[in-house]
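To start, the structure itself, in structure tokens.
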Protein chains: 2
Amino acid sequence: SATAKVIDGKAVAKQIRDEISAEVMRMKDAIGEVPGLAVIIVGNRKDSATYVRNKRKACESVGINSFEVPLPEDSTEEEVIKFIKAFNDDPSVHGILVQLPLPNHMNEENILNAVNIEKDVDGFHPLNIGHLAMRGREPMFVPCTPKGCIELLHRYGVSIKGKRAVVIGRSNIVGTPASQLLQREDATVTVVHSRTPNPEEITRQADIIIAAVGKPNMVRGSWIKPGAVIIDVGINPVEDAKSPRGYRLVGDVCYDEAKNVASAITPVPGGVGPMTIAMLLSNTLIAAKKVYNFQ
Amino acid sequence: SATAKVIDGKAVAKQIRDEISAEVMRMKDAIGEVPGLAVIIVGNRKDSATYVRNKRKACESVGINSFEVPLPEDSTEEEVIKFIKAFNDDPSVHGILVQLPLPNHMNEENILNAVNIEKDVDGFHPLNIGHLAMRGREPMFVPCTPKGCIELLHRYGVSIKGKRAVVIGRSNIVGTPASQLLQREDATVTVVHSRTPNPEEITRQADIIIAAVGKPNMVRGSWIKPGAVIIDVGINPVEDAKSPRGYRLVGDVCYDEAKNVASAITPVPGGVGPMTIAMLLSNTLIAAKKVYNFQ
Ligand SMILES: NC(=O)C1=CN([C@@H]2O[C@H](COP(=O)(O)OP(=O)(O)OC[C@H]3O[C@@H](n4cnc5c(N)ncnc54)[C@H](OP(=O)(O)O)[C@@H]3O)[C@@H](O)[C@H]2O)C=CC1
Ligand SMILES: NC(=O)C1=CN([C@@H]2O[C@H](COP(=O)(O)OP(=O)(O)OC[C@H]3O[C@@H](n4cnc5c(N)ncnc54)[C@H](OP(=O)(O)O)[C@@H]3O)[C@@H](O)[C@H]2O)C=CC1
């Protein structure tokens, strides 16, 4: 049997960055403005620092202004909210992002709710989520990672309407919005989670699988209907003595088995990962276009 | 084979009204206040007038104050919103309800968004829907009809956790919130809609079926797994020469076939119907308790 087509998220993300870069240039030429993204990071988590650095670089690469506020671990909720409010009022900032996770002494809900919904480029505001869940309403912004998943399906010509889809995982930032996006495009969606007794049996019915669990190689070849399309969101470090860092990254799907059953699959790394930041740039551009009424 | 148990919504709704009545009395004795519900109705639709009358009667029966504002069909959006705002500011009103559908010249979204979310006893505000969709968040109010469906499952001891559930229909007021409530209780939920090519096959996998479609007798006996529990939300008039009114009401599920396959089923009428108003009273009581901090 043939091997699955590799859905090359890295290449698609590059293409999207090029498109955004051209749009930013067009905006600058036409109205003398460019989009701006503000990122607030609290504490010294190494992974968070890496993500924020990558976001800054991505902004630079497409001509989006980036503003970074690093705050000490022992900052108060009020201090973080003070910065958010300043960015809410700053017309050169079109998107505001608070890097998660926050330190334990802070209430994530209070902080995220302080972001003006017109600048909520992460799409995490409950009002945004509400609009995403409702028929006949349009969210201002779609959360970046699930938006990236759907964008990959679109760019690879995978039709969604009328298809069976299974989303494994139901987090607020990936699984739940991914299931809502698939349903908005008329897939018939089942959400599998940690209390599902028979995930294998259900997953095997899917034409489209989105896995967002955080369990290395959980989805085996036997879980997959021949010809299914797989979007693997998981990014899991596993020990690997042969790697210079001592570990490598694998997805939630056992790639080596899946590639012999699926018709198309995203690799890890190089699949969904690069799409997330591309979608953040896309949301920031959308926010700026709205403010300047620039089409 | 045995016949399905009848889930008697009328009896459960009466029991709930009795419970609410006792709570309202206790509140009145303790703090000298009772809950108040304001209903705004625009135009002369006969069915809407009936619903509103039933709501008023139900309020009276449990000691909740009811306020009714009937507005002419040709009222403007601004006039409706003016009344909503007055009720938002009125401390004797704890719940505000705008009877739907509104006349075509009004924007439903603008009007529903004007209701203070602390008084949104219908649970239709997008912020409420957002919280319902999010893990770790609690909606202020759960929409009445789906809340009634789940309440019936609870009162009949139907366990939800780990069960397969199929919700047929994905409207903002019934199907979607019903699917979210089932998932919050750890069912594995599939949402079937008008673009699902094989609804029968999918529905047959369900331990719990909630049908909210609006198609008389659509769910046949062959769609049902033996022993499944069925909540039939549909209320569909079908011609019936033998009825004095010339029609009778049937559900979305073919009751005569389903009763021989299911383990339990709601009848139409007398199933979900009476629960909707009972849940509206319940939400109004919850709203008032919150305002007065009365436990
Ligand atoms: N590519 C990218 O840019 C991004 C990648 N990720 C990666 O995606 C993965 C998921 O992230 P996130 O959604 O934030 O994770 P969360 O931990 O927030 O959610 C995980 C979900 O998986 C479910 N789950 C856990 N165990 C099982 C199981 N055995 N079977 C079925 N479902 C299970 C949980 O169910 P329950 O709700 O019942 O607990 C939960 O809903 C991670 O590997 C993360 O690193 C995340 C964000 C961005
Ligand atoms: N008991 C009570 O108190 C209440 C009862 N009802 C009754 O419940 C029923 C549903 O109401 P409501 O949710 O407002 O209706 P809507 O018309 O808003 O929604 C109907 C849903 O059913 C789906 N649907 C339509 N045809 C099919 C089909 N052939 N197969 C599968 N799905 C289909 C639609 O799918 P799509 O989205 O693809 O169009 C839509 O999501 C009605 O009979 C109504 O009278 C409603 C409210 C309260």
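How things are named: the first chain in the structure tokens is A, the next is B, and so on; residues count from 1 in each chain; ligands count from 1 in the order shown.
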To check your reading of the model: which residues sit at most 6 Å from ligand 2 when counting only C-alpha atoms and all ligand atoms? Write the answer as an NGL selection string. :B and (145 or 168-171 or 173-175 or 192-195 or 212-214 or 233-236 or 272-273 or 276)
As a CSV table (one decimal) with C-alpha atoms, in the first residue's frame, please: chain B after a least-squares superposition onto chain A using all C-alpha atoms matched in order.
```csv
chain,number,residue,atom,x,y,z
B,1,SER,CA,0.0,0.0,0.0
B,2,ALA,CA,1.1,3.6,-0.7
B,3,THR,CA,2.6,5.8,1.9
B,4,ALA,CA,0.7,8.8,3.2
B,5,LYS,CA,1.3,12.2,1.7
B,6,VAL,CA,3.2,14.4,4.1
B,7,ILE,CA,1.4,17.6,5.0
B,8,ASP,CA,4.3,20.0,5.1
B,9,GLY,CA,3.4,22.6,7.7
B,10,LYS,CA,6.7,24.2,7.5
B,11,ALA,CA,6.4,24.9,3.8
B,12,VAL,CA,2.8,26.1,4.1
B,13,ALA,CA,3.7,28.4,7.0
B,14,LYS,CA,6.5,29.9,4.9
B,15,GLN,CA,4.0,30.5,2.1
B,16,ILE,CA,1.6,32.2,4.5
B,17,ARG,CA,4.4,34.3,6.0
B,18,ASP,CA,5.2,35.4,2.4
B,19,GLU,CA,1.6,36.3,1.8
B,20,ILE,CA,1.4,38.3,5.0
B,21,SER,CA,4.7,40.0,4.3
B,22,ALA,CA,3.3,41.2,1.0
B,23,GLU,CA,0.1,42.5,2.6
B,24,VAL,CA,2.0,44.3,5.3
B,25,MET,CA,4.1,46.0,2.6
B,26,ARG,CA,1.0,47.0,0.7
B,27,MET,CA,-0.5,48.4,3.9
B,28,LYS,CA,2.6,50.4,4.7
B,29,ASP,CA,2.7,51.8,1.1
B,30,ALA,CA,-1.0,52.7,1.1
B,31,ILE,CA,-1.5,54.2,4.6
B,32,GLY,CA,1.9,54.4,6.2
B,33,GLU,CA,1.0,52.0,9.0
B,34,VAL,CA,2.0,48.4,9.9
B,35,PRO,CA,0.4,45.9,12.3
B,36,GLY,CA,1.8,45.8,15.9
B,37,LEU,CA,1.9,42.8,18.3
B,38,ALA,CA,2.5,43.1,22.0
B,39,VAL,CA,3.6,40.1,24.0
B,40,ILE,CA,3.6,40.0,27.8
B,41,ILE,CA,5.7,37.3,29.4
B,42,VAL,CA,5.8,36.7,33.1
B,43,GLY,CA,8.6,34.7,34.8
B,44,ASN,CA,11.6,32.8,33.4
B,45,ARG,CA,10.2,29.6,32.0
B,46,LYS,CA,12.7,28.5,29.3
B,47,ASP,CA,10.1,27.1,26.9
B,48,SER,CA,8.0,30.3,27.2
B,49,ALA,CA,11.1,32.4,26.5
B,50,THR,CA,11.7,30.3,23.4
B,51,TYR,CA,8.1,30.7,22.1
B,52,VAL,CA,8.2,34.5,22.7
B,53,ARG,CA,11.6,34.8,20.9
B,54,ASN,CA,10.2,32.8,17.9
B,55,LYS,CA,7.1,35.1,17.8
B,56,ARG,CA,9.3,38.1,17.8
B,57,LYS,CA,11.5,36.7,15.0
B,58,ALA,CA,8.4,35.8,13.0
B,59,CYS,CA,7.0,39.3,13.4
B,60,GLU,CA,10.3,40.8,12.2
B,61,SER,CA,10.4,38.5,9.2
B,62,VAL,CA,7.0,39.9,7.9
B,63,GLY,CA,7.4,43.5,8.9
B,64,ILE,CA,5.0,43.4,11.9
B,65,ASN,CA,6.2,45.6,14.8
B,66,SER,CA,6.6,43.6,18.0
B,67,PHE,CA,6.6,44.9,21.6
B,68,GLU,CA,7.8,42.7,24.4
B,69,VAL,CA,7.2,43.2,28.1
B,70,PRO,CA,9.1,40.7,30.3
B,71,LEU,CA,7.8,40.8,33.8
B,72,PRO,CA,9.4,39.2,36.9
B,73,GLU,CA,7.9,35.9,38.2
B,74,ASP,CA,6.7,37.7,41.4
B,75,SER,CA,4.7,40.4,39.6
B,76,THR,CA,1.2,40.9,40.8
B,77,GLU,CA,-2.0,40.3,38.7
B,78,GLU,CA,-2.6,44.1,38.9
B,79,GLU,CA,0.7,44.9,37.3
B,80,VAL,CA,0.1,42.5,34.4
B,81,ILE,CA,-3.4,44.0,33.9
B,82,LYS,CA,-1.9,47.5,34.0
B,83,PHE,CA,0.3,46.6,31.0
B,84,ILE,CA,-2.6,45.0,29.2
B,85,LYS,CA,-4.7,48.1,29.6
B,86,ALA,CA,-1.9,50.3,28.3
B,87,PHE,CA,-1.7,48.2,25.2
B,88,ASN,CA,-5.5,48.2,24.9
B,89,ASP,CA,-5.2,52.0,24.6
B,90,ASP,CA,-2.1,52.1,22.4
B,91,PRO,CA,-3.2,52.6,18.7
B,92,SER,CA,0.1,51.2,17.4
B,93,VAL,CA,-0.7,47.8,19.0
B,94,HIS,CA,-3.3,45.7,17.2
B,95,GLY,CA,-2.8,42.4,18.9
B,96,ILE,CA,-2.0,41.6,22.5
B,97,LEU,CA,-0.8,38.2,23.7
B,98,VAL,CA,-0.1,37.0,27.2
B,99,GLN,CA,2.2,34.0,27.1
B,100,LEU,CA,0.8,31.1,29.0
B,101,PRO,CA,1.2,29.4,31.5
B,102,LEU,CA,1.1,32.3,34.0
B,103,PRO,CA,2.7,31.9,37.5
B,104,ASN,CA,0.4,30.0,39.9
B,105,HIS,CA,-0.5,33.0,42.0
B,106,MET,CA,-2.2,34.7,39.1
B,107,ASN,CA,-5.8,34.2,38.0
B,108,GLU,CA,-5.5,33.4,34.3
B,109,GLU,CA,-9.2,34.2,33.7
B,110,ASN,CA,-8.9,37.8,35.1
B,111,ILE,CA,-5.8,38.5,33.0
B,112,LEU,CA,-7.1,37.1,29.7
B,113,ASN,CA,-10.5,38.9,30.2
B,114,ALA,CA,-8.6,42.2,30.5
B,115,VAL,CA,-7.4,42.0,26.8
B,116,ASN,CA,-9.7,44.1,24.6
B,117,ILE,CA,-11.5,41.7,22.5
B,118,GLU,CA,-10.6,43.6,19.3
B,119,LYS,CA,-7.0,42.9,20.2
B,120,ASP,CA,-7.4,39.3,21.4
B,121,VAL,CA,-5.4,37.7,18.6
B,122,ASP,CA,-5.1,34.5,20.5
B,123,GLY,CA,-8.8,34.2,20.3
B,124,PHE,CA,-9.1,33.0,24.0
B,125,HIS,CA,-11.6,35.5,25.2
B,126,PRO,CA,-14.9,33.7,26.2
B,127,LEU,CA,-16.9,36.1,24.0
B,128,ASN,CA,-14.8,34.9,21.1
B,129,ILE,CA,-15.2,31.3,22.1
B,130,GLY,CA,-19.0,31.9,22.4
B,131,HIS,CA,-19.2,33.3,18.9
B,132,LEU,CA,-17.1,30.4,17.6
B,133,ALA,CA,-19.6,28.0,19.1
B,134,MET,CA,-22.7,29.8,17.7
B,135,ARG,CA,-24.3,29.4,14.4
B,136,GLY,CA,-24.8,32.7,12.6
B,137,ARG,CA,-22.1,34.5,14.6
B,138,GLU,CA,-18.5,35.1,13.6
B,139,PRO,CA,-15.7,35.2,16.1
B,140,MET,CA,-13.4,38.2,15.8
B,141,PHE,CA,-10.4,35.9,16.0
B,142,VAL,CA,-10.0,32.1,15.7
B,143,PRO,CA,-7.4,30.5,18.1
B,144,CYS,CA,-4.1,30.1,16.3
B,145,THR,CA,-3.4,26.3,16.6
B,146,PRO,CA,-6.8,25.0,15.5
B,147,LYS,CA,-6.9,27.7,12.8
B,148,GLY,CA,-3.6,26.3,11.6
B,149,CYS,CA,-5.0,22.8,11.5
B,150,ILE,CA,-7.9,23.8,9.3
B,151,GLU,CA,-5.7,25.9,7.1
B,152,LEU,CA,-3.6,22.8,6.4
B,153,LEU,CA,-6.7,20.9,5.4
B,154,HIS,CA,-7.7,23.7,3.1
B,155,ARG,CA,-4.3,24.2,1.5
B,156,TYR,CA,-4.1,20.4,0.9
B,157,GLY,CA,-7.5,20.3,-0.7
B,158,VAL,CA,-9.0,18.0,1.9
B,159,SER,CA,-12.8,18.4,1.8
B,160,ILE,CA,-14.5,18.7,5.2
B,161,LYS,CA,-18.2,19.0,4.5
B,162,GLY,CA,-20.1,15.8,5.2
B,163,LYS,CA,-17.0,14.0,6.5
B,164,ARG,CA,-16.7,12.2,9.8
B,165,ALA,CA,-14.2,13.9,12.0
B,166,VAL,CA,-12.8,12.8,15.4
B,167,VAL,CA,-11.0,15.3,17.6
B,168,ILE,CA,-9.0,13.7,20.4
B,169,GLY,CA,-8.7,16.2,23.2
B,170,ARG,CA,-11.0,19.0,24.3
B,171,SER,CA,-8.8,21.7,25.7
B,172,ASN,CA,-9.9,25.4,25.4
B,173,ILE,CA,-6.9,26.2,23.2
B,174,VAL,CA,-6.8,23.3,20.8
B,175,GLY,CA,-9.4,20.5,20.9
B,176,THR,CA,-12.6,22.3,21.5
B,177,PRO,CA,-12.1,25.1,19.0
B,178,ALA,CA,-10.8,22.6,16.5
B,179,SER,CA,-14.0,20.6,16.8
B,180,GLN,CA,-16.1,23.8,16.5
B,181,LEU,CA,-14.2,24.8,13.3
B,182,LEU,CA,-14.7,21.4,11.7
B,183,GLN,CA,-18.4,21.5,12.6
B,184,ARG,CA,-18.8,25.0,11.1
B,185,GLU,CA,-17.5,23.5,7.9
B,186,ASP,CA,-20.2,20.8,8.1
B,187,ALA,CA,-18.2,17.8,9.3
B,188,THR,CA,-19.9,15.4,11.7
B,189,VAL,CA,-17.7,15.7,14.7
B,190,THR,CA,-17.1,13.4,17.7
B,191,VAL,CA,-14.9,14.6,20.5
B,192,VAL,CA,-12.9,11.9,22.3
B,193,HIS,CA,-11.3,12.6,25.7
B,194,SER,CA,-9.8,11.0,28.7
B,195,ARG,CA,-13.1,9.5,29.9
B,196,THR,CA,-13.9,7.9,26.5
B,197,PRO,CA,-13.8,4.1,27.1
B,198,ASN,CA,-13.2,3.1,23.5
B,199,PRO,CA,-11.2,5.8,21.7
B,200,GLU,CA,-9.7,3.3,19.2
B,201,GLU,CA,-13.1,2.1,17.9
B,202,ILE,CA,-14.4,5.7,17.6
B,203,THR,CA,-11.3,7.1,16.0
B,204,ARG,CA,-11.3,4.3,13.4
B,205,GLN,CA,-14.6,5.8,12.0
B,206,ALA,CA,-13.0,9.1,11.1
B,207,ASP,CA,-12.2,10.5,7.7
B,208,ILE,CA,-10.3,13.3,9.5
B,209,ILE,CA,-8.5,12.9,12.8
B,210,ILE,CA,-7.1,15.9,14.8
B,211,ALA,CA,-5.1,14.6,17.8
B,212,ALA,CA,-4.4,17.1,20.6
B,213,VAL,CA,-3.7,15.1,23.6
B,214,GLY,CA,-0.1,15.3,24.8
B,215,LYS,CA,0.5,11.5,24.8
B,216,PRO,CA,3.4,10.3,22.7
B,217,ASN,CA,2.4,7.9,19.9
B,218,MET,CA,-1.0,7.2,21.5
B,219,VAL,CA,-2.9,6.9,18.2
B,220,ARG,CA,-1.7,3.6,16.7
B,221,GLY,CA,-2.0,2.4,13.1
B,222,SER,CA,-5.0,0.2,14.2
B,223,TRP,CA,-6.9,3.3,15.2
B,224,ILE,CA,-6.9,4.7,11.7
B,225,LYS,CA,-9.4,4.1,8.9
B,226,PRO,CA,-7.5,3.4,5.6
B,227,GLY,CA,-7.3,6.7,3.7
B,228,ALA,CA,-8.0,9.0,6.7
B,229,VAL,CA,-6.3,12.4,6.9
B,230,ILE,CA,-4.4,13.0,10.2
B,231,ILE,CA,-3.5,16.3,11.8
B,232,ASP,CA,-1.2,15.7,14.7
B,233,VAL,CA,-1.0,18.6,17.1
B,234,GLY,CA,0.9,16.8,19.9
B,235,ILE,CA,4.4,17.9,20.7
B,236,ASN,CA,5.9,15.5,23.1
B,237,PRO,CA,9.6,15.2,24.2
B,238,VAL,CA,10.7,11.5,24.5
B,239,GLU,CA,14.1,10.4,25.6
B,240,ASP,CA,16.6,9.7,22.8
B,241,ALA,CA,20.1,9.0,23.7
B,242,LYS,CA,21.2,9.4,20.0
B,243,SER,CA,20.0,13.0,20.0
B,244,PRO,CA,22.5,15.6,21.1
B,245,ARG,CA,19.9,17.1,23.4
B,246,GLY,CA,19.0,13.7,24.9
B,247,TYR,CA,15.5,13.8,23.6
B,248,ARG,CA,13.4,14.3,20.5
B,249,LEU,CA,9.9,15.4,19.8
B,250,VAL,CA,7.1,13.1,18.7
B,251,GLY,CA,3.4,13.6,18.1
B,252,ASP,CA,0.3,12.1,19.6
B,253,VAL,CA,0.1,9.8,16.6
B,254,CYS,CA,2.5,6.9,15.9
B,255,TYR,CA,3.8,8.3,12.7
B,256,ASP,CA,5.6,5.2,11.5
B,257,GLU,CA,2.4,3.1,11.7
B,258,ALA,CA,0.0,5.8,10.6
B,259,LYS,CA,1.9,6.7,7.4
B,260,ASN,CA,1.1,3.2,6.1
B,261,VAL,CA,-2.7,3.6,6.7
B,262,ALA,CA,-3.5,7.3,6.3
B,263,SER,CA,-3.8,9.1,3.0
B,264,ALA,CA,-2.1,12.2,4.4
B,265,ILE,CA,-0.4,13.2,7.7
B,266,THR,CA,1.4,16.0,9.4
B,267,PRO,CA,4.8,15.2,10.7
B,268,VAL,CA,6.1,16.2,14.2
B,269,PRO,CA,8.0,18.5,14.1
B,270,GLY,CA,7.2,20.4,10.9
B,271,GLY,CA,3.5,20.0,10.8
B,272,VAL,CA,1.1,22.0,12.9
B,273,GLY,CA,3.9,23.6,15.0
B,274,PRO,CA,5.0,26.2,12.4
B,275,MET,CA,1.4,27.0,11.5
B,276,THR,CA,0.6,28.3,15.0
B,277,ILE,CA,2.9,31.3,14.7
B,278,ALA,CA,1.9,31.9,11.1
B,279,MET,CA,-1.8,32.1,12.2
B,280,LEU,CA,-0.8,34.5,15.0
B,281,LEU,CA,0.7,36.8,12.4
B,282,SER,CA,-2.4,36.4,10.3
B,283,ASN,CA,-4.7,37.3,13.2
B,284,THR,CA,-2.5,40.4,13.9
B,285,LEU,CA,-2.8,41.5,10.3
B,286,ILE,CA,-6.6,41.0,10.4
B,287,ALA,CA,-6.8,43.1,13.6
B,288,ALA,CA,-4.8,45.9,12.0
B,289,LYS,CA,-6.8,45.8,8.8
B,290,LYS,CA,-10.0,46.1,10.7
B,291,VAL,CA,-8.8,49.1,12.7
B,292,TYR,CA,-7.6,51.0,9.6
B,293,ASN,CA,-10.5,49.7,7.5
B,294,PHE,CA,-7.9,48.5,5.0
B,295,GLN,CA,-9.0,45.9,2.6
```
In region 110-273 of chain A, DSSP helix (DSSP H, G or I) residues written as a PyMOL selection string: chain A and resi 110-114+117-119+126-133+144-155+175-184+199-203+221-223+255-258+272-273
Mind checking DSSP for region 138-272 of chain A and telling me the strand (DSSP E) residues as a list of chain:residue names?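 Those residues are A:Arg164, A:Ala165, A:Val166, A:Val167, A:Ile168, A:Thr188, A:Val189, A:Thr190, A:Val191, A:Val192, A:Ile208, A:Ile209, A:Ile210, A:Ala211, A:Val229, A:Ile230, A:Ile231, A:Asp232, A:Asn236, A:Pro237, A:Val238, A:Glu239, A:Tyr247, A:Arg248, A:Leu249, A:Val250, A:Ala264, A:Ile265.
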